[in-house]
Amino acid sequence: MQTPSTAQLRTAIEVLIKYGEHLNHHASNLAVDLADLHQAGQEAGRVATGTIEQTSRIETVAAQLEKWRDELMQQRRQCVSSQV
């Protein structure tokens with residue numbers, strides 16, 4: 001498997017961040033929709049918990065990708081410095 005470029009990693013990070021925002025937006029809309037239903041509190045709690053877990057995982061993966069991107073950039077700088 002080929003190592004992704006820093007641009008590809010940046011794109012993946014941006015996609016993950018947008019997906020996390022989408023999940024939060026969807027959960028907010030669902031909570032509003034559930035406000036009129038009986039037992040909405042329980043369902044809204046489940047949705048909130050699930051959203052928090054998903055966005056937490058997304059943030060963890062995004063942070064790992066950022067670290068990997070930073071490491072790749074540092075390695076490339078070192079290669080260029082040693083070649084000069």
# chains A, B, ... in the order shown; residues from 1 in each chain; ligands from 1
$ residues_around --residues "Arg76 in chain A" --least-positions-apart "6" --cutoff "12 Å" --atoms "only C-alpha atoms" --output "ChimeraX atom specification"
/A:5-6,69-70,82-83
$ atom_distance --atom1 "CA of Gln42 in chain A" --atom2 "CA of Leu30 in chain A"
12.6 Å
$ residues_around --residues "range 50-63 of chain A" --least-positions-apart "5" --cutoff "8 Å" --atoms "only C-alpha atoms" --output "list in words"
Ala12, Ile13, Leu16, Ile17, Gly20, Leu23, Asn24 and Ala27 of chain A
$ write_last_selection --atoms "all heavy atoms" --output "PDB file, in the first residue's frame"
ATOM      1  N   ALA A  12      -8.738  13.802   3.882  1.00  0.00           N
ATOM      2  CA  ALA A  12      -9.403  12.818   4.749  1.00  0.00           C
ATOM      3  C   ALA A  12      -9.804  13.453   6.074  1.00  0.00           C
ATOM      4  O   ALA A  12     -10.907  13.213   6.583  1.00  0.00           O
ATOM      5  CB  ALA A  12      -8.480  11.624   4.986  1.00  0.00           C
ATOM      6  N   ILE A  13      -8.938  14.279   6.631  1.00  0.00           N
ATOM      7  CA  ILE A  13      -9.238  14.969   7.891  1.00  0.00           C
ATOM      8  C   ILE A  13     -10.441  15.888   7.709  1.00  0.00           C
ATOM      9  O   ILE A  13     -11.359  15.899   8.534  1.00  0.00           O
ATOM     10  CB  ILE A  13      -8.006  15.753   8.381  1.00  0.00           C
ATOM     11  CG1 ILE A  13      -6.893  14.786   8.794  1.00  0.00           C
ATOM     12  CG2 ILE A  13      -8.364  16.683   9.540  1.00  0.00           C
ATOM     13  CD1 ILE A  13      -5.525  15.422   8.923  1.00  0.00           C
ATOM     14  N   LEU A  16     -13.638  13.875   7.514  1.00  0.00           N
ATOM     15  CA  LEU A  16     -14.047  13.397   8.841  1.00  0.00           C
ATOM     16  C   LEU A  16     -14.669  14.518   9.671  1.00  0.00           C
ATOM     17  O   LEU A  16     -15.685  14.314  10.343  1.00  0.00           O
ATOM     18  CB  LEU A  16     -12.851  12.803   9.581  1.00  0.00           C
ATOM     19  CG  LEU A  16     -12.386  11.436   9.096  1.00  0.00           C
ATOM     20  CD1 LEU A  16     -11.062  11.069   9.749  1.00  0.00           C
ATOM     21  CD2 LEU A  16     -13.436  10.376   9.375  1.00  0.00           C
ATOM     22  N   ILE A  17     -14.073  15.704   9.617  1.00  0.00           N
ATOM     23  CA  ILE A  17     -14.622  16.832  10.368  1.00  0.00           C
ATOM     24  C   ILE A  17     -16.017  17.179   9.864  1.00  0.00           C
ATOM     25  O   ILE A  17     -16.949  17.386  10.652  1.00  0.00           O
ATOM     26  CB  ILE A  17     -13.665  18.039  10.288  1.00  0.00           C
ATOM     27  CG1 ILE A  17     -12.401  17.744  11.105  1.00  0.00           C
ATOM     28  CG2 ILE A  17     -14.346  19.318  10.777  1.00  0.00           C
ATOM     29  CD1 ILE A  17     -11.273  18.735  10.891  1.00  0.00           C
ATOM     30  N   GLY A  20     -18.490  14.598  11.079  1.00  0.00           N
ATOM     31  CA  GLY A  20     -18.837  14.840  12.480  1.00  0.00           C
ATOM     32  C   GLY A  20     -19.842  15.969  12.618  1.00  0.00           C
ATOM     33  O   GLY A  20     -20.793  15.879  13.398  1.00  0.00           O
ATOM     34  N   LEU A  23     -23.231  14.649  11.583  1.00  0.00           N
ATOM     35  CA  LEU A  23     -23.842  13.835  12.642  1.00  0.00           C
ATOM     36  C   LEU A  23     -24.451  14.711  13.724  1.00  0.00           C
ATOM     37  O   LEU A  23     -25.570  14.455  14.184  1.00  0.00           O
ATOM     38  CB  LEU A  23     -22.800  12.898  13.258  1.00  0.00           C
ATOM     39  CG  LEU A  23     -22.348  11.724  12.411  1.00  0.00           C
ATOM     40  CD1 LEU A  23     -21.217  10.989  13.110  1.00  0.00           C
ATOM     41  CD2 LEU A  23     -23.492  10.778  12.111  1.00  0.00           C
ATOM     42  N   ASN A  24     -23.732  15.739  14.127  1.00  0.00           N
ATOM     43  CA  ASN A  24     -24.259  16.647  15.157  1.00  0.00           C
ATOM     44  C   ASN A  24     -25.504  17.370  14.667  1.00  0.00           C
ATOM     45  O   ASN A  24     -26.485  17.514  15.408  1.00  0.00           O
ATOM     46  CB  ASN A  24     -23.193  17.657  15.577  1.00  0.00           C
ATOM     47  CG  ASN A  24     -22.148  17.035  16.472  1.00  0.00           C
ATOM     48  OD1 ASN A  24     -22.431  16.129  17.235  1.00  0.00           O
ATOM     49  ND2 ASN A  24     -20.932  17.524  16.382  1.00  0.00           N
ATOM     50  N   ALA A  27     -28.387  14.903  14.620  1.00  0.00           N
ATOM     51  CA  ALA A  27     -28.855  14.615  15.983  1.00  0.00           C
ATOM     52  C   ALA A  27     -29.689  15.778  16.518  1.00  0.00           C
ATOM     53  O   ALA A  27     -30.711  15.559  17.178  1.00  0.00           O
ATOM     54  CB  ALA A  27     -27.670  14.345  16.891  1.00  0.00           C
TER      55      ALA A  27
END
$ atom_distance --atom1 "CA of Glu66 in chain A" --atom2 "CA of Val15 in chain A"
12.6 Å
$ atom_distance --atom1 "CA of Gln64 in chain A" --atom2 "CA of Arg77 in chain A"
20.0 Å
$ residues_around --residues "His26 in chain A" --least-positions-apart "5" --cutoff "12 Å" --atoms "only C-alpha atoms" --output "number ranges by chain"
A: 19-21, 31-33, 44, 47-48, 50-51
$ write_last_selection --atoms "C-alpha atoms" --output "compact mmCIF listing (two decimals), in the first residue's frame"
# COMPACT_ATOMS: atom_id res chain seq x y z
CA TYR A 19 -18.99 14.09 8.75
CA GLY A 20 -18.84 14.84 12.48
CA GLU A 21 -20.61 18.15 11.85
CA ALA A 31 -34.08 15.87 18.91
CA VAL A 32 -36.39 18.64 17.68
CA ASP A 33 -38.53 16.10 15.81
CA ALA A 44 -33.19 11.79 22.53
CA VAL A 47 -29.40 9.63 20.04
CA ALA A 48 -27.20 12.04 21.98
CA GLY A 50 -24.68 7.58 20.05
CA THR A 51 -23.73 10.87 18.43
$ closest_residue --among "A:Glu43, A:His25, A:Gln78, A:Leu72" --to "Ala7 in chain A" --atoms "only C-alpha atoms"
A:Leu72
